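Asker: Following this line is my_file.cif, made up of mmCIF, C-alpha atoms, pLDDT in the B column; chains and numbers go by the auth columns:
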data_coords
loop_
_atom_site.group_PDB
_atom_site.id
_atom_site.type_symbol
_atom_site.label_atom_id
_atom_site.label_comp_id
_atom_site.label_asym_id
_atom_site.label_seq_id
_atom_site.Cartn_x
_atom_site.Cartn_y
_atom_site.Cartn_z
_atom_site.B_iso_or_equiv
_atom_site.auth_seq_id
_atom_site.auth_asym_id
ATOM 1 C CA MET A 1 91.170 197.947 191.622 67.00 1 A
ATOM 2 C CA LYS A 2 94.337 197.243 193.554 68.00 2 A
ATOM 3 C CA SER A 3 97.675 197.675 191.753 71.00 3 A
ATOM 4 C CA ASP A 4 98.765 194.080 192.246 73.00 4 A
ATOM 5 C CA GLY A 5 95.380 193.094 190.947 74.00 5 A
ATOM 6 C CA VAL A 6 95.922 195.100 187.779 75.00 6 A
ATOM 7 C CA ASP A 7 99.195 193.248 187.207 77.00 7 A
ATOM 8 C CA ALA A 8 97.594 189.882 187.861 78.00 8 A
ATOM 9 C CA TRP A 9 94.632 190.671 185.658 77.00 9 A
ATOM 10 C CA LEU A 10 96.855 191.825 182.796 77.00 10 A
ATOM 11 C CA LYS A 11 98.906 188.620 183.092 77.00 11 A
ATOM 12 C CA HIS A 12 95.699 186.618 183.019 74.00 12 A
ATOM 13 C CA TRP A 13 94.493 188.580 179.975 73.00 13 A
ATOM 14 C CA LEU A 14 97.820 188.132 178.196 72.00 14 A
ATOM 15 C CA LYS A 15 97.691 184.414 178.922 74.00 15 A
ATOM 16 C CA MET A 16 94.231 184.233 177.392 72.00 16 A
ATOM 17 C CA GLN A 17 95.478 186.187 174.377 70.00 17 A
ATOM 18 C CA ASN A 18 98.347 183.769 173.866 69.00 18 A
ATOM 19 C CA LYS A 19 95.952 180.859 174.044 68.00 19 A
ATOM 20 C CA GLY A 20 93.691 182.565 171.559 65.00 20 A
ATOM 21 C CA SER A 21 90.800 182.288 173.984 63.00 21 A
ATOM 22 C CA ARG A 22 90.007 185.958 173.832 57.00 22 A
ATOM 23 C CA PRO A 23 91.548 187.397 170.743 58.00 23 A
ATOM 24 C CA LEU A 24 92.020 191.120 170.625 58.00 24 A
ATOM 25 C CA VAL A 25 89.516 192.598 168.177 53.00 25 A
ATOM 26 C CA LEU A 26 89.937 196.145 166.940 49.00 26 A
ATOM 27 C CA LYS A 27 86.681 197.987 166.703 48.00 27 A
ATOM 28 C CA ASP A 28 85.504 199.009 163.283 45.00 28 A
ATOM 29 C CA ARG A 29 84.152 202.531 163.659 46.00 29 A
ATOM 30 C CA SER A 30 82.791 202.639 160.098 43.00 30 A
ATOM 31 C CA ASP A 31 79.530 201.044 161.187 43.00 31 A
ATOM 32 C CA ARG A 32 78.674 204.081 163.259 41.00 32 A
ATOM 33 C CA PRO A 33 77.313 206.757 160.952 37.00 33 A
ATOM 34 C CA PHE A 34 77.719 210.320 162.049 37.00 34 A
ATOM 35 C CA GLU A 35 73.965 210.756 162.161 38.00 35 A
ATOM 36 C CA ALA A 36 73.697 208.251 164.900 39.00 36 A
ATOM 37 C CA HIS A 37 76.299 210.139 166.882 40.00 37 A
ATOM 38 C CA ALA A 38 74.518 213.405 166.245 40.00 38 A
ATOM 39 C CA LYS A 39 71.429 212.088 167.938 44.00 39 A
ATOM 40 C CA ARG A 40 73.335 211.025 170.983 45.00 40 A
ATOM 41 C CA ASN A 41 75.572 214.097 171.093 45.00 41 A
ATOM 42 C CA PRO A 42 73.497 217.203 170.375 44.00 42 A
ATOM 43 C CA VAL A 43 75.080 219.814 168.151 45.00 43 A
ATOM 44 C CA VAL A 44 75.804 223.088 169.919 46.00 44 A
ATOM 45 C CA VAL A 45 75.407 226.059 167.581 44.00 45 A
ATOM 46 C CA ASP A 46 77.036 229.380 168.308 47.00 46 A
ATOM 47 C CA ARG A 47 74.547 232.052 167.189 48.00 47 A
ATOM 48 C CA ARG A 48 76.814 235.034 167.795 49.00 48 A
ATOM 49 C CA LYS A 49 77.168 237.338 164.744 49.00 49 A
ATOM 50 C CA GLY A 50 80.403 237.317 162.850 48.00 50 A
ATOM 51 C CA LYS A 51 81.457 234.158 164.447 47.00 51 A
ATOM 52 C CA LYS A 52 81.935 231.014 162.518 48.00 52 A
ATOM 53 C CA ARG A 53 79.470 228.311 163.442 46.00 53 A
ATOM 54 C CA GLN A 54 81.101 225.706 165.510 47.00 54 A
ATOM 55 C CA VAL A 55 80.099 222.178 166.038 44.00 55 A
ATOM 56 C CA GLU A 56 81.292 220.686 169.228 43.00 56 A
ATOM 57 C CA TYR A 57 81.696 216.979 169.015 42.00 57 A
ATOM 58 C CA VAL A 58 82.628 215.045 172.044 43.00 58 A
ATOM 59 C CA GLU A 59 83.424 211.399 171.559 42.00 59 A
ATOM 60 C CA SER A 60 81.353 209.289 173.841 41.00 60 A
ATOM 61 C CA ASP A 61 83.434 207.205 176.202 43.00 61 A
ATOM 62 C CA GLU A 62 80.702 204.592 176.354 39.00 62 A
ATOM 63 C CA ASP A 63 82.608 202.202 174.100 39.00 63 A
ATOM 64 C CA GLU A 64 85.913 202.791 175.796 36.00 64 A
ATOM 65 C CA ALA A 65 84.975 200.970 178.945 36.00 65 A
ATOM 66 C CA PRO A 66 86.711 197.595 179.095 34.00 66 A
ATOM 67 C CA ASN A 67 84.298 194.846 178.229 36.00 67 A
ATOM 68 C CA VAL A 68 85.489 192.382 180.817 37.00 68 A
ATOM 69 C CA ASN A 69 83.157 189.501 181.277 41.00 69 A
ATOM 70 C CA ASP A 70 84.220 186.940 183.808 40.00 70 A
ATOM 71 C CA GLY A 71 81.175 186.724 185.962 42.00 71 A
ATOM 72 C CA ALA A 72 81.149 190.379 186.801 42.00 72 A
ATOM 73 C CA SER A 73 78.169 191.476 184.778 41.00 73 A
ATOM 74 C CA ASP A 74 76.557 188.211 183.869 42.00 74 A
ATOM 75 C CA VAL A 75 75.775 187.388 187.463 43.00 75 A
ATOM 76 C CA VAL A 76 72.509 189.108 186.847 40.00 76 A
ATOM 77 C CA GLY A 77 72.229 187.898 183.294 39.00 77 A
ATOM 78 C CA THR A 78 72.606 191.267 181.652 37.00 78 A
ATOM 79 C CA ASN A 79 74.725 192.709 178.894 39.00 79 A
ATOM 80 C CA ALA A 80 78.034 194.126 180.066 41.00 80 A
ATOM 81 C CA SER A 81 78.088 196.902 177.505 43.00 81 A
ATOM 82 C CA THR A 82 74.825 198.384 178.719 45.00 82 A
ATOM 83 C CA THR A 83 75.260 197.928 182.448 47.00 83 A
ATOM 84 C CA ALA A 84 78.903 198.799 182.945 54.00 84 A
ATOM 85 C CA SER A 85 77.991 201.494 185.448 64.00 85 A
ATOM 86 C CA VAL A 86 75.167 199.602 187.134 72.00 86 A
ATOM 87 C CA LYS A 87 76.146 197.881 190.314 80.00 87 A
ATOM 88 C CA SER A 88 74.579 194.542 190.853 88.00 88 A
ATOM 89 C CA LEU A 89 73.924 192.270 193.779 92.00 89 A
ATOM 90 C CA PRO A 90 74.995 188.677 193.088 94.00 90 A
ATOM 91 C CA LYS A 91 72.325 186.049 193.189 94.00 91 A
ATOM 92 C CA SER A 92 72.416 183.560 196.028 96.00 92 A
ATOM 93 C CA PRO A 93 72.080 179.818 195.284 97.00 93 A
ATOM 94 C CA HIS A 94 68.885 179.750 197.345 96.00 94 A
ATOM 95 C CA ASN A 95 67.194 182.153 194.945 94.00 95 A
ATOM 96 C CA VAL A 96 67.819 179.894 191.975 95.00 96 A
ATOM 97 C CA PRO A 97 64.933 177.764 190.675 94.00 97 A
ATOM 98 C CA SER A 98 65.395 174.212 191.867 91.00 98 A
ATOM 99 C CA SER A 99 64.952 172.791 188.383 94.00 99 A
ATOM 100 C CA ARG A 100 68.010 171.429 186.615 93.00 100 A
ATOM 101 C CA LYS A 101 67.630 174.030 183.910 94.00 101 A
ATOM 102 C CA GLY A 102 67.387 176.879 186.407 96.00 102 A
ATOM 103 C CA ARG A 103 70.414 175.699 188.306 97.00 103 A
ATOM 104 C CA ARG A 104 72.349 175.175 185.083 96.00 104 A
ATOM 105 C CA THR A 105 71.592 178.750 184.006 96.00 105 A
ATOM 106 C CA PHE A 106 72.869 180.007 187.350 97.00 106 A
ATOM 107 C CA LEU A 107 76.043 177.921 187.083 97.00 107 A
ATOM 108 C CA ASP A 108 76.591 179.297 183.587 96.00 108 A
ATOM 109 C CA SER A 109 76.507 182.827 184.985 96.00 109 A
ATOM 110 C CA LEU A 110 79.158 182.324 187.651 97.00 110 A
ATOM 111 C CA SER A 111 82.330 182.303 185.583 97.00 111 A
ATOM 112 C CA THR A 112 83.681 182.115 182.068 96.00 112 A
ATOM 113 C CA HIS A 113 86.959 180.508 183.085 96.00 113 A
ATOM 114 C CA LYS A 114 87.932 177.861 180.545 95.00 114 A
ATOM 115 C CA ASP A 115 88.379 175.033 183.033 95.00 115 A
ATOM 116 C CA TYR A 116 85.083 175.889 184.707 97.00 116 A
ATOM 117 C CA ARG A 117 83.347 175.710 181.330 95.00 117 A
ATOM 118 C CA ASN A 118 84.841 172.249 180.831 94.00 118 A
ATOM 119 C CA LEU A 119 83.461 171.240 184.217 95.00 119 A
ATOM 120 C CA LEU A 120 80.018 172.338 183.059 95.00 120 A
ATOM 121 C CA LEU A 121 80.456 170.191 179.953 92.00 121 A
ATOM 122 C CA LEU A 122 81.227 167.264 182.213 93.00 122 A
ATOM 123 C CA LEU A 123 78.022 168.090 184.069 92.00 123 A
ATOM 124 C CA ALA A 124 76.194 167.620 180.780 87.00 124 A
ATOM 125 C CA ALA A 125 77.914 164.251 180.430 83.00 125 A
ATOM 126 C CA ALA A 126 76.756 163.313 183.926 81.00 126 A
ATOM 127 C CA LYS A 127 73.209 164.220 182.918 75.00 127 A
ATOM 128 C CA VAL A 128 73.380 161.879 179.921 74.00 128 A
ATOM 129 C CA ARG A 129 74.928 159.151 182.041 65.00 129 A
ATOM 130 C CA ASN A 130 72.179 159.457 184.637 67.00 130 A
ATOM 131 C CA SER A 131 69.537 159.294 181.915 65.00 131 A
ATOM 132 C CA LEU A 132 71.092 156.154 180.476 63.00 132 A
ATOM 133 C CA LEU A 133 71.248 154.557 183.916 63.00 133 A
ATOM 134 C CA ASP A 134 67.607 155.446 184.513 64.00 134 A
ATOM 135 C CA CYS A 135 66.657 153.870 181.196 62.00 135 A
ATOM 136 C CA ALA A 136 68.655 150.749 181.998 60.00 136 A
ATOM 137 C CA SER A 137 67.057 150.373 185.423 59.00 137 A
ATOM 138 C CA THR A 138 63.507 150.725 184.076 59.00 138 A
ATOM 139 C CA ASP A 139 64.046 148.817 180.861 55.00 139 A
ATOM 140 C CA THR A 140 61.598 145.990 180.332 49.00 140 A
ATOM 141 C CA PHE A 141 61.851 143.336 177.695 47.00 141 A
ATOM 142 C CA ILE A 142 58.871 142.421 175.647 45.00 142 A
ATOM 143 C CA GLY A 143 58.269 138.721 175.687 42.00 143 A
ATOM 144 C CA TRP A 144 57.438 136.840 172.500 40.00 144 A
ATOM 145 C CA MET B 1 86.400 159.781 197.467 49.00 1 B
ATOM 146 C CA GLU B 2 83.901 162.566 197.891 57.00 2 B
ATOM 147 C CA GLY B 3 84.320 163.811 201.462 75.00 3 B
ATOM 148 C CA ARG B 4 82.350 166.795 202.677 89.00 4 B
ATOM 149 C CA PRO B 5 82.606 170.235 201.080 95.00 5 B
ATOM 150 C CA PRO B 6 82.757 173.496 203.044 96.00 6 B
ATOM 151 C CA THR B 7 79.325 174.553 204.278 95.00 7 B
ATOM 152 C CA TRP B 8 78.938 177.373 201.749 97.00 8 B
ATOM 153 C CA VAL B 9 78.876 174.813 198.910 97.00 9 B
ATOM 154 C CA SER B 10 75.128 174.410 199.128 97.00 10 B
ATOM 155 C CA TRP B 11 72.072 175.232 197.080 97.00 11 B
ATOM 156 C CA ARG B 12 70.423 176.338 200.325 96.00 12 B
ATOM 157 C CA SER B 13 72.854 179.184 200.859 95.00 13 B
ATOM 158 C CA THR B 14 71.004 182.502 201.021 95.00 14 B
ATOM 159 C CA ASP B 15 74.071 184.740 200.990 94.00 15 B
ATOM 160 C CA PRO B 16 74.709 186.759 197.835 95.00 16 B
ATOM 161 C CA TYR B 17 78.358 187.055 198.886 97.00 17 B
ATOM 162 C CA LEU B 18 80.491 184.322 200.402 97.00 18 B
ATOM 163 C CA ALA B 19 80.957 184.636 204.141 97.00 19 B
ATOM 164 C CA GLU B 20 84.046 185.893 205.931 97.00 20 B
ATOM 165 C CA ALA B 21 85.171 182.329 206.624 97.00 21 B
ATOM 166 C CA PHE B 22 85.893 181.796 202.927 98.00 22 B
ATOM 167 C CA PHE B 23 88.381 184.652 203.051 97.00 23 B
ATOM 168 C CA ASP B 24 90.062 183.422 206.223 97.00 24 B
ATOM 169 C CA PRO B 25 92.841 181.022 205.197 95.00 25 B
ATOM 170 C CA ARG B 26 92.713 179.365 208.647 95.00 26 B
ATOM 171 C CA SER B 27 89.026 178.575 208.438 96.00 27 B
ATOM 172 C CA SER B 28 87.566 175.183 207.550 95.00 28 B
ATOM 173 C CA SER B 29 85.454 177.061 204.995 96.00 29 B
ATOM 174 C CA SER B 30 88.349 178.834 203.341 97.00 30 B
ATOM 175 C CA LEU B 31 89.326 178.732 199.708 98.00 31 B
ATOM 176 C CA SER B 32 92.169 176.365 200.528 96.00 32 B
ATOM 177 C CA ALA B 33 89.753 174.053 202.373 97.00 33 B
ATOM 178 C CA PHE B 34 87.604 174.010 199.264 97.00 34 B
ATOM 179 C CA THR B 35 90.652 173.290 197.102 97.00 35 B
ATOM 180 C CA ARG B 36 91.547 170.392 199.385 96.00 36 B
ATOM 181 C CA TRP B 37 88.070 168.985 198.855 97.00 37 B
ATOM 182 C CA ILE B 38 88.506 169.353 195.084 96.00 38 B
ATOM 183 C CA ASP B 39 91.824 167.525 195.341 95.00 39 B
ATOM 184 C CA GLN B 40 89.946 164.534 196.807 94.00 40 B
ATOM 185 C CA ASP B 41 88.309 164.013 193.409 95.00 41 B
ATOM 186 C CA PRO B 42 84.671 164.527 194.465 96.00 42 B
ATOM 187 C CA ILE B 43 83.395 163.967 190.926 94.00 43 B
ATOM 188 C CA THR B 44 84.418 160.305 190.966 93.00 44 B
ATOM 189 C CA ALA B 45 82.158 157.802 192.717 90.00 45 B
ATOM 190 C CA ASP B 46 83.429 154.906 194.810 88.00 46 B
ATOM 191 C CA ASN B 47 83.010 152.589 191.831 87.00 47 B
ATOM 192 C CA GLY B 48 85.543 154.638 189.898 87.00 48 B
ATOM 193 C CA PHE B 49 83.009 156.085 187.477 88.00 49 B
ATOM 194 C CA LEU B 50 81.731 159.614 187.139 90.00 50 B
ATOM 195 C CA ALA B 51 79.661 160.586 190.168 92.00 51 B
ATOM 196 C CA SER B 52 75.950 161.350 190.033 92.00 52 B
ATOM 197 C CA TYR B 53 74.615 164.440 188.323 94.00 53 B
ATOM 198 C CA LYS B 54 73.727 165.912 191.710 94.00 54 B
ATOM 199 C CA GLN B 55 77.274 165.506 192.973 95.00 55 B
ATOM 200 C CA VAL B 56 78.935 166.950 189.838 95.00 56 B
ATOM 201 C CA GLU B 57 76.443 169.817 189.997 97.00 57 B
ATOM 202 C CA LEU B 58 77.447 170.508 193.605 97.00 58 B
ATOM 203 C CA VAL B 59 81.128 170.558 192.654 97.00 59 B
ATOM 204 C CA ALA B 60 80.338 172.964 189.833 98.00 60 B
ATOM 205 C CA LEU B 61 78.416 175.166 192.276 98.00 61 B
ATOM 206 C CA GLY B 62 81.389 175.336 194.625 98.00 62 B
ATOM 207 C CA CYS B 63 83.835 176.116 191.848 98.00 63 B
ATOM 208 C CA GLY B 64 81.546 178.735 190.360 98.00 64 B
ATOM 209 C CA LEU B 65 80.925 180.468 193.676 98.00 65 B
ATOM 210 C CA ALA B 66 84.655 180.463 194.447 98.00 66 B
ATOM 211 C CA PHE B 67 85.469 181.942 191.037 98.00 67 B
ATOM 212 C CA ARG B 68 82.803 184.593 191.495 97.00 68 B
ATOM 213 C CA ALA B 69 84.019 185.460 194.992 97.00 69 B
ATOM 214 C CA LEU B 70 87.605 185.931 193.804 97.00 70 B
ATOM 215 C CA TRP B 71 86.364 188.042 190.920 96.00 71 B
ATOM 216 C CA ILE B 72 84.250 190.263 193.140 97.00 72 B
ATOM 217 C CA ALA B 73 87.147 190.685 195.577 97.00 73 B
ATOM 218 C CA GLN B 74 89.186 191.998 192.660 96.00 74 B
ATOM 219 C CA PHE B 75 86.498 194.194 191.145 94.00 75 B
ATOM 220 C CA PRO B 76 84.291 195.198 194.098 95.00 76 B
ATOM 221 C CA ASP B 77 83.254 198.505 192.579 93.00 77 B
ATOM 222 C CA ARG B 78 81.040 196.684 190.110 92.00 78 B
ATOM 223 C CA TYR B 79 78.809 195.321 192.831 95.00 79 B
ATOM 224 C CA SER B 80 76.541 196.782 195.428 94.00 80 B
ATOM 225 C CA ASP B 81 76.822 196.386 199.176 93.00 81 B
ATOM 226 C CA VAL B 82 80.079 194.460 199.002 96.00 82 B
ATOM 227 C CA PRO B 83 81.055 193.440 202.546 96.00 83 B
ATOM 228 C CA ALA B 84 84.324 194.731 203.990 97.00 84 B
ATOM 229 C CA HIS B 85 85.778 191.255 204.348 97.00 85 B
ATOM 230 C CA ILE B 86 85.590 190.849 200.562 97.00 86 B
ATOM 231 C CA ILE B 87 87.094 194.258 199.840 96.00 87 B
ATOM 232 C CA ASN B 88 89.916 193.377 202.231 96.00 88 B
ATOM 233 C CA SER B 89 90.364 189.890 200.817 97.00 89 B
ATOM 234 C CA PRO B 90 93.830 188.481 201.528 97.00 90 B
ATOM 235 C CA TYR B 91 93.810 186.420 198.350 97.00 91 B
ATOM 236 C CA PRO B 92 95.862 187.658 195.398 96.00 92 B
ATOM 237 C CA PHE B 93 94.135 187.460 192.038 95.00 93 B
ATOM 238 C CA SER B 94 96.532 184.683 191.045 96.00 94 B
ATOM 239 C CA GLU B 95 94.273 182.425 193.140 97.00 95 B
ATOM 240 C CA TYR B 96 91.758 182.746 190.331 97.00 96 B
ATOM 241 C CA ASP B 97 94.059 180.939 187.908 96.00 97 B
ATOM 242 C CA GLN B 98 95.224 178.596 190.640 96.00 98 B
ATOM 243 C CA LEU B 99 91.641 177.447 191.115 98.00 99 B
ATOM 244 C CA GLY B 100 91.505 176.874 187.372 97.00 100 B
ATOM 245 C CA HIS B 101 94.541 174.591 187.660 97.00 101 B
ATOM 246 C CA SER B 102 92.826 172.591 190.411 97.00 102 B
ATOM 247 C CA ILE B 103 89.764 172.103 188.217 97.00 103 B
ATOM 248 C CA HIS B 104 91.988 171.202 185.288 96.00 104 B
ATOM 249 C CA ASP B 105 93.596 168.453 187.367 95.00 105 B
ATOM 250 C CA LEU B 106 90.189 167.317 188.570 95.00 106 B
ATOM 251 C CA LEU B 107 89.002 166.902 184.991 94.00 107 B
ATOM 252 C CA ALA B 108 92.147 165.178 183.771 91.00 108 B
ATOM 253 C CA GLY B 109 90.639 161.706 183.973 83.00 109 B
ATOM 254 C CA TYR B 110 87.523 162.802 182.115 88.00 110 B
ATOM 255 C CA ALA B 111 89.115 164.739 179.269 78.00 111 B
ATOM 256 C CA GLU B 112 87.710 162.412 176.617 72.00 112 B
ATOM 257 C CA THR B 113 84.247 162.719 178.107 70.00 113 B
ATOM 258 C CA TYR B 114 83.908 166.470 178.044 63.00 114 B
ATOM 259 C CA VAL B 115 85.876 166.869 174.814 64.00 115 B
ATOM 260 C CA ALA B 116 83.196 164.715 173.207 63.00 116 B
ATOM 261 C CA PHE B 117 80.624 167.221 174.447 59.00 117 B
ATOM 262 C CA ILE B 118 82.678 170.100 173.087 59.00 118 B
ATOM 263 C CA LEU B 119 82.598 168.423 169.677 59.00 119 B
ATOM 264 C CA LEU B 120 78.859 167.865 169.973 59.00 120 B
ATOM 265 C CA ASN B 121 78.345 171.524 170.790 57.00 121 B
ATOM 266 C CA TYR B 122 80.185 172.835 167.713 52.00 122 B
#
What do you get writing this file as structure tokens?

Answerer:
Amino acid sequence: MKSDGVDAWLKHWLKMQNKGSRPLVLKDRSDRPFEAHAKRNPVVVDRRKGKKRQVEYVESDEDEAPNVNDGASDVVGTNASTTASVKSLPKSPHNVPSSRKGRRTFLDSLSTHKDYRNLLLLLAAAKVRNSLLDCASTDTFIGW
Amino acid sequence: MEGRPPTWVSWRSTDPYLAEAFFDPRSSSSLSAFTRWIDQDPITADNGFLASYKQVELVALGCGLAFRALWIAQFPDRYSDVPAHIINSPYPFSEYDQLGHSIHDLLAGYAETYVAFILLNY
């Protein structure tokens, strides 16, 4: 990342923090029992005589990667925490199913910016409006 | 009120990344050209009411693609086969928030409409 980009991103992040949009949450490590770590980080035993057994524990840096989600990982609809190192190719609009639902899913994946999300809510309003107009245009009255 | 959007604002676009023209401020397909189109209030029909679903969807597509392009230009190492013109994007990341401001202004007249949907969703 470029240095001016880091500054801009941090300002953006701070702005989101101040708005409470993305509150900072400290991770609770208590829900990670040592056994689970032991499976992921094999214990290395020193078998040399006279030497005290040593257990080498190296903290995984898997959880230290910043979990930034602003269209970077969700462009392929996957979880950021599991695909942080996987590079993805963005989807093109042409490859999106032409159904409203398919297109809506694609639009959802493009960005998490607050104003963009509001635009998508307005899209839902437009859908309702169109449905009401369709009903009004096809409405027939039952004669007595 | 709608005008015509830049050519990349299309469901027929086959490019995974926006073309070089988007990143050329002098181009008619640039980010600023798109912003100018947004400023023309393309989500409002000639009768003054909210435009059709298809039109609002197209506006959302343009905004989403522009947001994604600015994001990728800032974090290219997360993507594969990123073209050079994106890596060398002239746009500062502040354009990301600036685009948000444009959308905010666009939605100003419809605040009550989408706020109602926010309430329905929670």

Asker: Could you name the residues that touch B:Pro76 at 9 Å or less, counting only C-alpha atoms, but leaving out those on the same chain fewer than 4 positions away, as a list in words?

Answerer: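 Near neighbours after the sequence-gap exclusion: Met1 of chain A; Trp71, Ile72, Ser80, Val82, Ile86 and Ile87 of chain B.
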
Asker: Just checking: using all atoms listed in the file, which residue out of B:Gln74, B:Thr44, B:Ser27, B:Ser32 ends up closest to B:Leu99?

Answerer: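 Nearest candidate to B:Leu99 out of B:Gln74, B:Thr44, B:Ser27, B:Ser32: B:Ser32.
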
Asker: Looking at all atoms listed in the file, which of B:Ser28, B:Ser13, B:Gln98, B:Asn47 is the one that sits closest to chain A?

Answerer: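 The shortest atom-to-atom distance to chain A comes from B:Ser13.
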
Asker: Chain B residues within 8 Å of chain A, counting all atoms listed in the file: which ones, as a short mmCIF file (atom, residue, chain, number, x, y, z; two decimals) with C-alpha atoms, in the frame of the given file?

Answerer:
data_model
loop_
_atom_site.label_atom_id
_atom_site.label_comp_id
_atom_site.auth_asym_id
_atom_site.auth_seq_id
_atom_site.Cartn_x
_atom_site.Cartn_y
_atom_site.Cartn_z
CA SER B 10 75.13 174.41 199.13
CA TRP B 11 72.07 175.23 197.08
CA ARG B 12 70.42 176.34 200.32
CA SER B 13 72.85 179.18 200.86
CA THR B 14 71.00 182.50 201.02
CA ASP B 15 74.07 184.74 200.99
CA PRO B 16 74.71 186.76 197.84
CA TYR B 17 78.36 187.06 198.89
CA LEU B 50 81.73 159.61 187.14
CA ALA B 51 79.66 160.59 190.17
CA SER B 52 75.95 161.35 190.03
CA TYR B 53 74.61 164.44 188.32
CA VAL B 56 78.94 166.95 189.84
CA GLU B 57 76.44 169.82 190.00
CA ALA B 60 80.34 172.96 189.83
CA LEU B 61 78.42 175.17 192.28
CA CYS B 63 83.84 176.12 191.85
CA GLY B 64 81.55 178.74 190.36
CA LEU B 65 80.92 180.47 193.68
CA PHE B 67 85.47 181.94 191.04
CA ARG B 68 82.80 184.59 191.50
CA TRP B 71 86.36 188.04 190.92
CA ILE B 72 84.25 190.26 193.14
CA GLN B 74 89.19 192.00 192.66
CA PHE B 75 86.50 194.19 191.14
CA PRO B 76 84.29 195.20 194.10
CA ASP B 77 83.25 198.50 192.58
CA ARG B 78 81.04 196.68 190.11
CA TYR B 79 78.81 195.32 192.83
CA SER B 80 76.54 196.78 195.43
CA ASP B 81 76.82 196.39 199.18
CA PRO B 92 95.86 187.66 195.40
CA PHE B 93 94.14 187.46 192.04
CA SER B 94 96.53 184.68 191.04
CA ASP B 97 94.06 180.94 187.91
CA GLY B 100 91.50 176.87 187.37
CA HIS B 101 94.54 174.59 187.66
CA ILE B 103 89.76 172.10 188.22
CA HIS B 104 91.99 171.20 185.29
CA LEU B 107 89.00 166.90 184.99
CA TYR B 110 87.52 162.80 182.12
CA THR B 113 84.25 162.72 178.11
CA TYR B 114 83.91 166.47 178.04
CA PHE B 117 80.62 167.22 174.45
CA ILE B 118 82.68 170.10 173.09
#

Asker: Between atom CA of A:Lys101 and atom CA of B:Leu58, what is the distance in Å, rounded to a tenth?

Answerer: 14.2 Å

Asker: At a cut-off of 9 Å, using all atoms listed in the file, what residues contact B:Pro6? Leave out same-chain residues fewer than 2 positions from it and give the result as JSON, numbers by chain.

Answerer: {"B": [4, 8, 9, 10, 22, 28, 29, 30, 33, 34, 37, 62]}

Asker: Rounded to one decimal in Å, what is the spacing between atom CA of B:Leu106 and atom CA of B:Tyr91?

Answerer: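 Straight-line distance from atom CA of B:Leu106 to atom CA of B:Tyr91 works out to 21.8 Å.
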
Asker: Can you measure atom CA of B:Phe49 to atom CA of B:Thr7 for me? One decimal in Å is fine.

Answerer: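 So the answer is 25.2 Å.
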